[in-house]
$ cat work-v3.cif   # mmCIF, C-alpha atoms
data_run
#
loop_
_atom_site.label_atom_id
_atom_site.label_comp_id
_atom_site.auth_asym_id
_atom_site.auth_seq_id
_atom_site.Cartn_x
_atom_site.Cartn_y
_atom_site.Cartn_z
CA MET N 230 82.63 68.42 91.51
CA LYS N 231 84.43 67.61 94.74
CA ILE N 232 85.75 70.96 95.95
CA VAL N 233 87.91 71.98 98.87
CA ILE N 234 87.43 75.61 99.93
CA ALA N 235 90.59 76.83 101.67
CA ALA N 236 89.28 79.73 103.73
CA GLU N 237 91.03 82.00 106.22
CA ILE N 238 88.26 83.48 108.35
CA TYR N 239 84.83 81.91 108.67
CA PRO N 240 81.70 82.53 110.79
CA PRO N 241 81.33 83.23 113.64
CA ASP N 242 84.20 85.47 112.50
CA ILE N 243 82.80 88.71 111.06
CA GLY N 244 83.72 90.05 107.64
CA GLY N 245 83.01 89.81 103.92
CA PRO N 246 85.47 86.94 103.23
CA ALA N 247 83.96 84.87 106.06
CA THR N 248 80.42 85.35 104.78
CA TYR N 249 81.49 84.74 101.18
CA SER N 250 83.05 81.35 102.02
CA GLN N 251 80.00 80.23 103.97
CA ASN N 252 77.48 81.33 101.35
CA LEU N 253 79.44 79.93 98.42
CA ALA N 254 79.87 76.55 100.11
CA GLY N 255 76.15 76.38 100.80
CA GLU N 256 75.30 77.33 97.22
CA LEU N 257 77.69 74.72 95.78
CA VAL N 258 76.10 72.01 97.92
CA SER N 259 72.58 73.10 96.91
CA ARG N 260 73.63 72.67 93.27
CA GLY N 261 74.80 69.13 93.84
CA HIS N 262 78.54 69.59 94.42
CA TYR N 263 80.52 68.11 97.32
CA VAL N 264 82.33 70.62 99.53
CA SER N 265 84.92 70.38 102.28
CA LEU N 266 86.02 73.62 103.93
CA ILE N 267 89.09 74.37 106.02
CA CYS N 268 89.68 77.58 107.95
CA TYR N 269 91.34 79.10 111.00
CA GLY N 270 89.21 79.38 114.14
CA GLU N 271 87.65 77.53 117.02
CA ALA N 272 84.99 74.79 116.84
CA ALA N 273 81.47 76.17 116.47
CA SER N 274 78.09 74.56 117.19
CA GLU N 275 76.86 75.41 113.69
CA ASP N 276 79.44 73.02 112.22
CA LYS N 277 77.33 70.08 113.43
CA VAL N 278 74.34 71.12 111.31
CA SER N 279 76.27 72.25 108.24
CA LYS N 280 75.63 70.54 104.89
CA PHE N 281 79.39 70.36 104.27
CA SER N 282 82.38 69.39 106.38
CA ILE N 283 84.29 72.13 108.20
CA THR N 284 87.82 71.67 109.54
CA ARG N 285 89.00 74.43 111.88
CA ILE N 286 92.67 75.02 112.76
CA THR N 287 92.92 76.66 116.17
CA ARG N 288 94.48 80.11 116.32
CA GLU N 289 95.93 79.27 119.72
CA LEU N 290 98.77 77.37 118.02
CA PRO N 291 102.03 79.25 117.36
CA ARG N 292 102.10 80.70 113.84
CA ARG N 293 104.41 78.12 112.24
CA LYS N 294 102.62 75.22 113.91
CA ARG N 295 99.26 76.68 112.89
CA TYR N 296 100.26 76.93 109.21
CA SER N 297 101.84 73.48 109.34
CA GLU N 298 98.65 71.94 110.74
CA TYR N 299 96.55 73.79 108.17
CA ARG N 300 98.67 72.33 105.36
CA LYS N 301 98.53 68.84 106.86
CA GLN N 302 94.73 68.88 107.13
CA LEU N 303 94.36 70.51 103.71
CA SER N 304 96.49 67.74 102.16
CA SER N 305 94.22 65.12 103.69
CA LEU N 306 91.05 66.82 102.44
CA ALA N 307 92.46 67.41 98.95
CA LYS N 308 93.52 63.82 98.18
CA ASN N 309 90.19 62.91 96.60
CA CYS N 310 89.04 66.34 95.43
CA ASP N 311 88.74 67.68 91.89
CA MET N 312 90.05 71.15 92.68
CA ILE N 313 90.91 73.59 95.51
CA TYR N 314 89.60 77.15 95.83
CA ALA N 315 91.80 79.42 97.99
CA MET N 316 90.27 82.52 99.59
CA GLY N 317 93.52 84.47 99.37
CA PRO N 318 97.06 84.22 97.96
CA VAL N 319 98.94 84.20 101.31
CA SER N 320 97.48 82.66 104.49
CA SER N 321 95.49 80.06 102.57
CA GLY N 322 97.00 80.38 99.09
CA TRP N 323 100.58 79.47 99.98
CA ASN N 324 99.42 76.22 101.59
CA VAL N 325 97.10 75.51 98.66
CA TYR N 326 99.94 76.04 96.18
CA LYS N 327 102.19 73.59 98.07
CA VAL N 328 99.47 70.94 98.44
CA ALA N 329 98.19 71.29 94.87
CA LYS N 330 101.72 70.94 93.51
CA LYS N 331 102.33 67.79 95.56
CA LEU N 332 98.98 66.17 94.69
CA HIS N 333 98.80 67.47 91.09
CA LYS N 334 95.49 69.23 91.74
CA PRO N 335 94.21 72.35 89.92
CA PHE N 336 93.53 75.39 92.11
CA VAL N 337 91.84 78.77 91.90
CA VAL N 338 92.69 81.80 94.04
CA LYS N 339 90.48 84.73 94.95
CA VAL N 340 92.37 88.01 95.32
CA VAL N 341 90.53 90.81 97.11
CA GLY N 342 93.53 93.04 97.82
CA ASN N 343 97.28 93.51 97.96
CA TYR N 344 98.12 91.79 101.27
CA ALA N 345 101.83 92.72 101.16
CA TRP N 346 100.96 96.40 100.74
CA GLU N 347 98.40 96.26 103.56
CA GLN N 348 101.01 94.83 105.93
CA ALA N 349 103.57 97.42 104.83
CA ALA N 350 101.05 100.22 105.38
CA ASN N 351 100.13 98.91 108.84
CA MET N 352 103.85 98.69 109.73
CA GLY N 353 104.37 102.26 108.51
CA VAL N 354 107.14 101.24 106.09
CA THR N 355 105.46 102.59 102.95
CA LYS N 356 103.77 105.88 102.12
CA THR N 357 102.71 104.79 98.61
CA LEU N 358 99.35 103.46 97.46
CA PRO N 359 99.07 99.95 95.93
CA ASP N 360 99.21 101.32 92.38
CA THR N 361 102.90 102.18 92.75
CA PHE N 362 103.87 99.76 95.54
CA ASP N 363 105.34 97.17 93.15
CA ASP N 364 107.99 99.71 92.13
CA GLU N 365 109.11 100.31 95.72
CA TRP N 366 112.46 98.76 96.65
CA ARG N 367 113.43 99.79 100.17
CA LEU N 368 111.27 97.38 102.16
CA PRO N 369 111.80 94.97 105.10
CA PHE N 370 112.43 91.32 104.28
CA ARG N 371 109.02 90.29 105.64
CA ILE N 372 107.27 92.51 103.11
CA TRP N 373 109.47 91.28 100.27
CA PHE N 374 108.62 87.70 101.23
CA LEU N 375 104.89 88.48 101.24
CA LYS N 376 105.23 90.09 97.81
CA TYR N 377 107.00 86.96 96.57
CA ILE N 378 104.36 84.62 98.01
CA GLN N 379 101.35 86.38 96.55
CA ALA N 380 103.04 86.70 93.16
CA ILE N 381 104.21 83.07 92.87
CA VAL N 382 100.88 81.67 94.09
CA CYS N 383 98.95 83.72 91.53
CA GLN N 384 101.39 82.85 88.74
CA LYS N 385 100.95 79.13 89.43
CA ALA N 386 97.15 79.19 89.88
CA ASN N 387 94.96 77.80 87.12
CA LYS N 388 92.61 80.75 87.52
CA ILE N 389 92.42 83.96 89.56
CA ILE N 390 89.13 85.57 90.56
CA THR N 391 89.12 89.28 91.43
CA PRO N 392 86.05 91.35 92.39
CA SER N 393 87.04 94.36 90.24
CA GLU N 394 88.91 95.42 87.12
CA TYR N 395 91.14 97.51 89.37
CA LEU N 396 92.34 94.42 91.24
CA LYS N 397 92.78 92.57 87.97
CA GLY N 398 95.26 95.28 86.98
CA LEU N 399 97.19 94.86 90.24
CA VAL N 400 97.40 91.08 89.79
CA LYS N 401 98.60 91.46 86.19
CA ASN N 402 101.52 93.48 87.58
CA TRP N 403 102.54 90.35 89.53
CA GLY N 404 103.31 88.56 86.27
CA VAL N 405 99.91 86.89 85.73
CA GLY N 406 98.46 86.59 82.23
CA ASP N 407 95.30 88.48 81.34
CA ASP N 408 93.42 85.32 80.32
CA THR N 409 94.06 83.73 83.72
CA ILE N 410 92.17 86.44 85.63
CA GLU N 411 88.38 86.53 85.80
CA VAL N 412 86.55 89.57 87.20
CA ILE N 413 83.46 88.55 89.16
CA TYR N 414 81.81 91.30 91.19
CA ASN N 415 80.90 90.51 94.77
CA ALA N 416 77.22 90.46 95.61
CA VAL N 417 74.94 91.83 98.30
CA PRO N 418 71.65 90.17 99.24
CA ALA N 419 68.43 92.06 98.63
CA MET N 420 67.44 94.05 101.70
CA ALA N 421 63.97 94.79 103.04
CA HIS N 422 62.40 98.00 101.77
CA THR N 423 63.52 100.79 104.13
CA GLU N 424 62.11 103.94 102.57
CA ARG N 425 59.67 104.55 105.44
CA ILE N 426 62.25 104.07 108.19
CA PRO N 427 63.08 107.55 109.56
CA ARG N 428 66.53 108.88 108.79
CA HIS N 429 68.53 110.63 111.50
CA PRO N 430 71.10 113.45 111.04
CA ILE N 431 73.94 110.94 110.96
CA ILE N 432 76.96 110.67 108.67
CA LEU N 433 77.90 106.99 108.71
CA ALA N 434 81.30 105.42 107.98
CA VAL N 435 81.99 101.68 108.25
CA GLY N 436 85.31 99.88 107.96
CA ARG N 437 88.46 98.63 109.60
CA LEU N 438 90.26 101.41 111.47
CA VAL N 439 93.43 101.58 109.37
CA THR N 440 95.34 104.50 107.91
CA TRP N 441 94.16 104.21 104.30
CA LYS N 442 90.46 104.39 105.21
CA GLY N 443 90.77 108.15 105.78
CA PHE N 444 88.81 108.35 109.04
CA GLU N 445 91.11 111.07 110.40
CA THR N 446 90.24 113.36 107.51
CA LEU N 447 86.55 112.65 107.96
CA ILE N 448 86.81 113.65 111.63
CA GLU N 449 88.76 116.79 110.70
CA VAL N 450 85.96 118.13 108.45
CA MET N 451 83.30 117.78 111.15
CA PRO N 452 83.85 121.22 112.79
CA GLU N 453 83.06 122.89 109.44
CA ILE N 454 80.03 120.64 108.95
CA ILE N 455 78.49 121.34 112.35
CA GLU N 456 79.22 125.07 112.02
CA THR N 457 76.35 125.33 109.52
CA GLU N 458 74.57 122.02 110.26
CA PRO N 459 74.83 121.70 114.08
CA GLN N 460 72.42 118.74 114.22
CA MET N 461 74.79 116.42 112.33
CA LYS N 462 76.67 113.56 114.00
CA LEU N 463 79.42 111.30 112.68
CA VAL N 464 79.27 107.59 113.55
CA ILE N 465 82.25 105.37 112.70
CA VAL N 466 81.60 101.63 112.90
CA GLY N 467 84.60 99.29 113.08
CA ALA N 468 87.71 98.31 114.97
CA GLY N 469 91.40 98.25 114.15
CA PRO N 470 94.91 99.46 114.99
CA LEU N 471 94.01 103.14 114.54
CA GLU N 472 91.30 103.14 117.22
CA ARG N 473 93.39 104.84 119.93
CA VAL N 474 94.63 107.49 117.46
CA LEU N 475 91.07 108.33 116.43
CA GLU N 476 89.92 108.50 120.04
CA GLU N 477 92.70 110.98 120.83
CA LYS N 478 91.87 113.09 117.76
CA ILE N 479 88.20 113.29 118.74
CA LYS N 480 89.21 114.34 122.24
CA ASP N 481 91.82 116.89 121.09
CA MET N 482 89.30 118.50 118.71
CA HIS N 483 86.59 118.53 121.42
CA LEU N 484 84.23 116.55 119.19
CA GLU N 485 83.03 114.03 121.77
CA LYS N 486 79.42 115.20 121.41
CA CYS N 487 79.23 114.85 117.64
CA VAL N 488 81.65 112.00 116.72
CA ARG N 489 81.25 108.46 118.01
CA LEU N 490 83.32 105.30 117.55
CA THR N 491 81.12 102.23 118.05
CA GLY N 492 83.84 99.58 117.84
CA LYS N 493 83.13 96.24 116.21
CA LEU N 494 79.42 95.43 115.86
CA GLU N 495 77.36 92.39 114.86
CA LYS N 496 75.89 92.48 111.34
CA ASN N 497 72.34 93.20 112.51
CA HIS N 498 73.53 96.22 114.49
CA VAL N 499 75.51 97.52 111.51
CA ALA N 500 72.36 97.11 109.40
CA THR N 501 70.44 99.32 111.82
CA HIS N 502 73.02 102.09 111.36
CA TYR N 503 72.72 101.81 107.55
CA GLN N 504 68.94 102.05 107.80
CA HIS N 505 68.89 105.18 109.94
CA ALA N 506 71.84 107.20 108.58
CA MET N 507 71.22 110.22 106.38
CA LEU N 508 74.28 109.43 104.26
CA PHE N 509 77.28 107.13 104.04
CA VAL N 510 80.91 108.18 103.41
CA LEU N 511 83.89 106.11 102.27
CA ASN N 512 87.10 108.17 102.21
CA SER N 513 89.46 105.34 101.28
CA GLY N 514 92.78 105.42 99.46
CA TYR N 515 92.59 101.75 98.56
CA GLU N 516 89.56 99.62 97.70
CA GLY N 517 89.35 96.46 95.62
CA LEU N 518 85.57 96.58 95.53
CA PRO N 519 83.76 98.68 98.17
CA HIS N 520 81.48 96.13 99.84
CA THR N 521 80.38 98.62 102.49
CA VAL N 522 79.22 100.95 99.72
CA LEU N 523 77.13 98.16 98.20
CA GLU N 524 75.63 97.47 101.63
CA ALA N 525 74.76 101.14 102.14
CA MET N 526 73.17 101.30 98.68
CA SER N 527 71.13 98.17 99.42
CA PHE N 528 69.58 99.96 102.42
CA GLY N 529 68.74 103.01 100.33
CA THR N 530 71.39 105.18 101.99
CA PRO N 531 72.96 107.74 99.60
CA VAL N 532 76.75 107.39 99.32
CA ILE N 533 79.78 109.65 99.00
CA VAL N 534 82.87 107.75 97.86
CA SER N 535 86.54 108.51 97.08
CA ASN N 536 87.37 108.28 93.38
CA ILE N 537 89.99 105.55 93.68
CA GLY N 538 90.57 101.81 93.18
CA GLY N 539 87.43 99.84 92.38
CA ASN N 540 85.10 102.59 93.64
CA PRO N 541 84.40 104.17 90.20
CA GLU N 542 83.36 100.73 88.92
CA VAL N 543 80.37 100.99 91.27
CA ILE N 544 79.71 104.72 91.61
CA GLU N 545 79.03 107.15 88.78
CA ASN N 546 79.24 110.72 90.02
CA GLU N 547 75.90 112.53 90.40
CA LYS N 548 74.05 109.44 89.14
CA ASN N 549 74.08 106.84 91.93
CA GLY N 550 76.41 108.60 94.37
CA LEU N 551 78.95 111.39 94.71
CA LEU N 552 82.68 111.00 94.03
CA PHE N 553 85.50 113.09 95.47
CA GLU N 554 89.30 112.91 95.52
CA TYR N 555 90.72 110.85 98.35
CA ASN N 556 91.47 112.92 101.48
CA ASN N 557 90.44 116.17 99.75
CA LYS N 558 88.80 117.99 102.66
CA ALA N 559 87.17 120.72 100.58
CA GLN N 560 85.56 118.23 98.16
CA LEU N 561 84.48 115.95 100.99
CA ARG N 562 82.90 118.79 102.96
CA GLU N 563 81.13 120.10 99.86
CA ALA N 564 79.72 116.66 99.00
CA ILE N 565 78.44 116.06 102.53
CA LEU N 566 76.74 119.46 102.73
CA LYS N 567 75.27 118.97 99.26
CA LEU N 568 73.44 115.81 100.35
CA ILE N 569 72.38 117.23 103.70
CA ARG N 570 70.80 120.24 102.01
CA SER N 571 69.19 118.42 99.09
CA PRO N 572 66.77 115.64 100.05
CA LYS N 573 65.65 115.48 96.42
CA LEU N 574 69.20 114.67 95.28
CA SER N 575 69.55 112.06 98.03
CA ARG N 576 66.35 110.33 96.90
CA ARG N 577 67.46 110.34 93.26
CA LEU N 578 70.89 108.87 94.06
CA ALA N 579 69.33 106.17 96.24
CA ALA N 580 66.81 105.25 93.53
CA ASN N 581 69.53 104.97 90.88
CA ALA N 582 71.69 102.98 93.30
CA HIS N 583 68.90 100.40 93.50
CA GLU N 584 69.21 99.92 89.73
CA THR N 585 73.00 99.63 90.00
CA LEU N 586 72.66 96.75 92.45
CA GLN N 587 71.10 94.60 89.73
CA ARG N 588 74.69 93.98 88.58
CA PHE N 589 75.60 92.67 92.03
CA LYS N 590 73.01 89.93 92.56
CA PRO N 591 74.17 86.76 94.38
CA GLU N 592 72.92 84.44 91.63
CA ILE N 593 75.08 86.24 89.05
CA MET N 594 78.15 85.91 91.27
CA TYR N 595 77.49 82.22 91.97
CA ASP N 596 76.86 81.34 88.31
CA LYS N 597 80.08 82.99 87.16
CA THR N 598 82.15 81.58 90.03
CA ILE N 599 80.98 78.01 89.47
CA LYS N 600 81.70 78.37 85.75
CA VAL N 601 85.32 79.32 86.58
CA LEU N 602 85.69 76.43 89.03
CA GLU N 603 84.35 73.97 86.47
CA SER N 604 86.74 75.28 83.82
CA VAL N 605 89.84 74.04 85.69
CA VAL N 606 88.60 70.50 86.41
#
$ encode --input "work-v3.cif" --output "structure tokens"
Amino acid sequence: MKIVIAAEIYPPDIGGPATYSQNLAGELVSRGHYVSLICYGEAASEDKVSKFSITRITRELPRRKRYSEYRKQLSSLAKNCDMIYAMGPVSSGWNVYKVAKKLHKPFVVKVVGNYAWEQAANMGVTKTLPDTFDDEWRLPFRIWFLKYIQAIVCQKANKIITPSEYLKGLVKNWGVGDDTIEVIYNAVPAMAHTERIPRHPIILAVGRLVTWKGFETLIEVMPEIIETEPQMKLVIVGAGPLERVLEEKIKDMHLEKCVRLTGKLEKNHVATHYQHAMLFVLNSGYEGLPHTVLEAMSFGTPVIVSNIGGNPEVIENEKNGLLFEYNNKAQLREAILKLIRSPKLSRRLAANAHETLQRFKPEIMYDKTIKVLESVV
């Protein structure tokens, strides 16, 4: 196949979607397919040694000009391709839809979240979670337009790939037929054996600093944790619009000695935190598929996860992790103390998590993804 991957972020940008695009393109080439990739970003030295072509649209352009240039370059790349694979329904997907329609090309879209809801939540114009967001009417025009874009792009796509059954349900609510949507779980690479690496009294949380990740609640339970377990520290890895709010909360609660915000870190530094933490917590109100949870499990770190979105598709309570209700302070505190005080339970959860990860192998993801891409050609 001759495939154009329409990405949004791409290395050296950090994040799951960036890594996914890079790894998938490399895998497609290794299996004999021809790949051209387009993304937003600045020229990188690695592009010169890549086994596939990379076209980067500079972010320094004004937004409209940037999108216009992306569409122009995408149209050029797509003229002789067999199909286009968009890494999202909005920033890349809208351009892919327009180009595919003009050139009569089939296209596939990967949906890893509800972008319109995320923007509404960041703007503070919705208090709902994604499950009920489609029923909300009193929204700014920008959010309505984003809802329209992601719905029409998915309705017109030949196939949709989602990384969880939960996200499949959200996309179906946009008017997409069940047989158009394929669930393919994301993968994590096998990590080096870390059982002998010493664990420190650290509660680790990783993610973008946004409202729905529940970091404020996690900070708020720390006084009760350190009251009985004074050696414990909370480390939050990530950056985002809520950073200043979290800094102020830590200061107001006089928790500077036991709560630390690291900011954005390189992958190898994040890996070090996974390896040394006693436990990992995800208190999120919205997750398509919890990639950070998979990463923690791959390093043998026991996990505590909110029972929402795609999380229960990965975690079975008391088997490979602990589940609690989102933002429920009492349940969160109880789960954290339970793991701190029971090394035997932690070891059992980590061992079972290793078995769970067999469902999330890269080769399984690649095989299923390529099968979907071939089906539309």
$ resolve_selection --input "work-v3.cif" --expression "the PyMOL selection byres ((chain N and resi 490) around 9)" --output "MDAnalysis selection string"
chainID N and resid 463:468 472 475:476 488:489 491:492
$ write_last_selection --input "work-v3.cif" --atoms "C-alpha atoms" --output "PDB file, in the coordinates of the input"
ATOM      1  CA  LEU N 463      79.420 111.300 112.680  1.00  0.00           C
ATOM      2  CA  VAL N 464      79.270 107.590 113.550  1.00  0.00           C
ATOM      3  CA  ILE N 465      82.250 105.370 112.700  1.00  0.00           C
ATOM      4  CA  VAL N 466      81.600 101.630 112.900  1.00  0.00           C
ATOM      5  CA  GLY N 467      84.600  99.290 113.080  1.00  0.00           C
ATOM      6  CA  ALA N 468      87.710  98.310 114.970  1.00  0.00           C
ATOM      7  CA  GLU N 472      91.300 103.140 117.220  1.00  0.00           C
ATOM      8  CA  LEU N 475      91.070 108.330 116.430  1.00  0.00           C
ATOM      9  CA  GLU N 476      89.920 108.500 120.040  1.00  0.00           C
ATOM     10  CA  VAL N 488      81.650 112.000 116.720  1.00  0.00           C
ATOM     11  CA  ARG N 489      81.250 108.460 118.010  1.00  0.00           C
ATOM     12  CA  THR N 491      81.120 102.230 118.050  1.00  0.00           C
ATOM     13  CA  GLY N 492      83.840  99.580 117.840  1.00  0.00           C
TER      14      GLY N 492
END
$ residues_around --input "work-v3.cif" --residues "stretch 436-449 of chain N" --least-positions-apart "3" --cutoff "9 Å" --atoms "only C-alpha atoms" --output "JSON, numbers by chain"
{"N": [350, 351, 358, 452, 453, 463, 465, 466, 467, 468, 469, 470, 471, 472, 474, 475, 478, 479, 482, 484, 488, 493, 510, 511, 512, 513, 514, 515, 516, 521, 555, 556, 557, 558, 561, 562]}
$ residues_around --input "work-v3.cif" --residues "stretch 410-420 of chain N" --least-positions-apart "3" --cutoff "10 Å" --atoms "all atoms listed in the file" --output "MDAnalysis selection string"
chainID N and resid 245 249 337:341 383 386:398 400:401 405:407 423 500 518:521 523:524 526:529 542:543 583 586:598 601
$ atom_distance --input "work-v3.cif" --atom1 "atom CA of N:Tyr263" --atom2 "atom CA of N:Lys231"
4.7 Å
$ atom_distance --input "work-v3.cif" --atom1 "atom CA of N:Lys480" --atom2 "atom CA of N:Ile454"
17.3 Å
$ residues_around --input "work-v3.cif" --residues "N:Ala564" --least-positions-apart "6" --cutoff "8 Å" --atoms "all atoms listed in the file" --output "PDB file with C-alpha atoms, in the frame of the given file"
ATOM      1  CA  ILE N 533      79.780 109.650  99.000  1.00  0.00           C
ATOM      2  CA  LEU N 551      78.950 111.390  94.710  1.00  0.00           C
ATOM      3  CA  PHE N 553      85.500 113.090  95.470  1.00  0.00           C
TER       4      PHE N 553
END
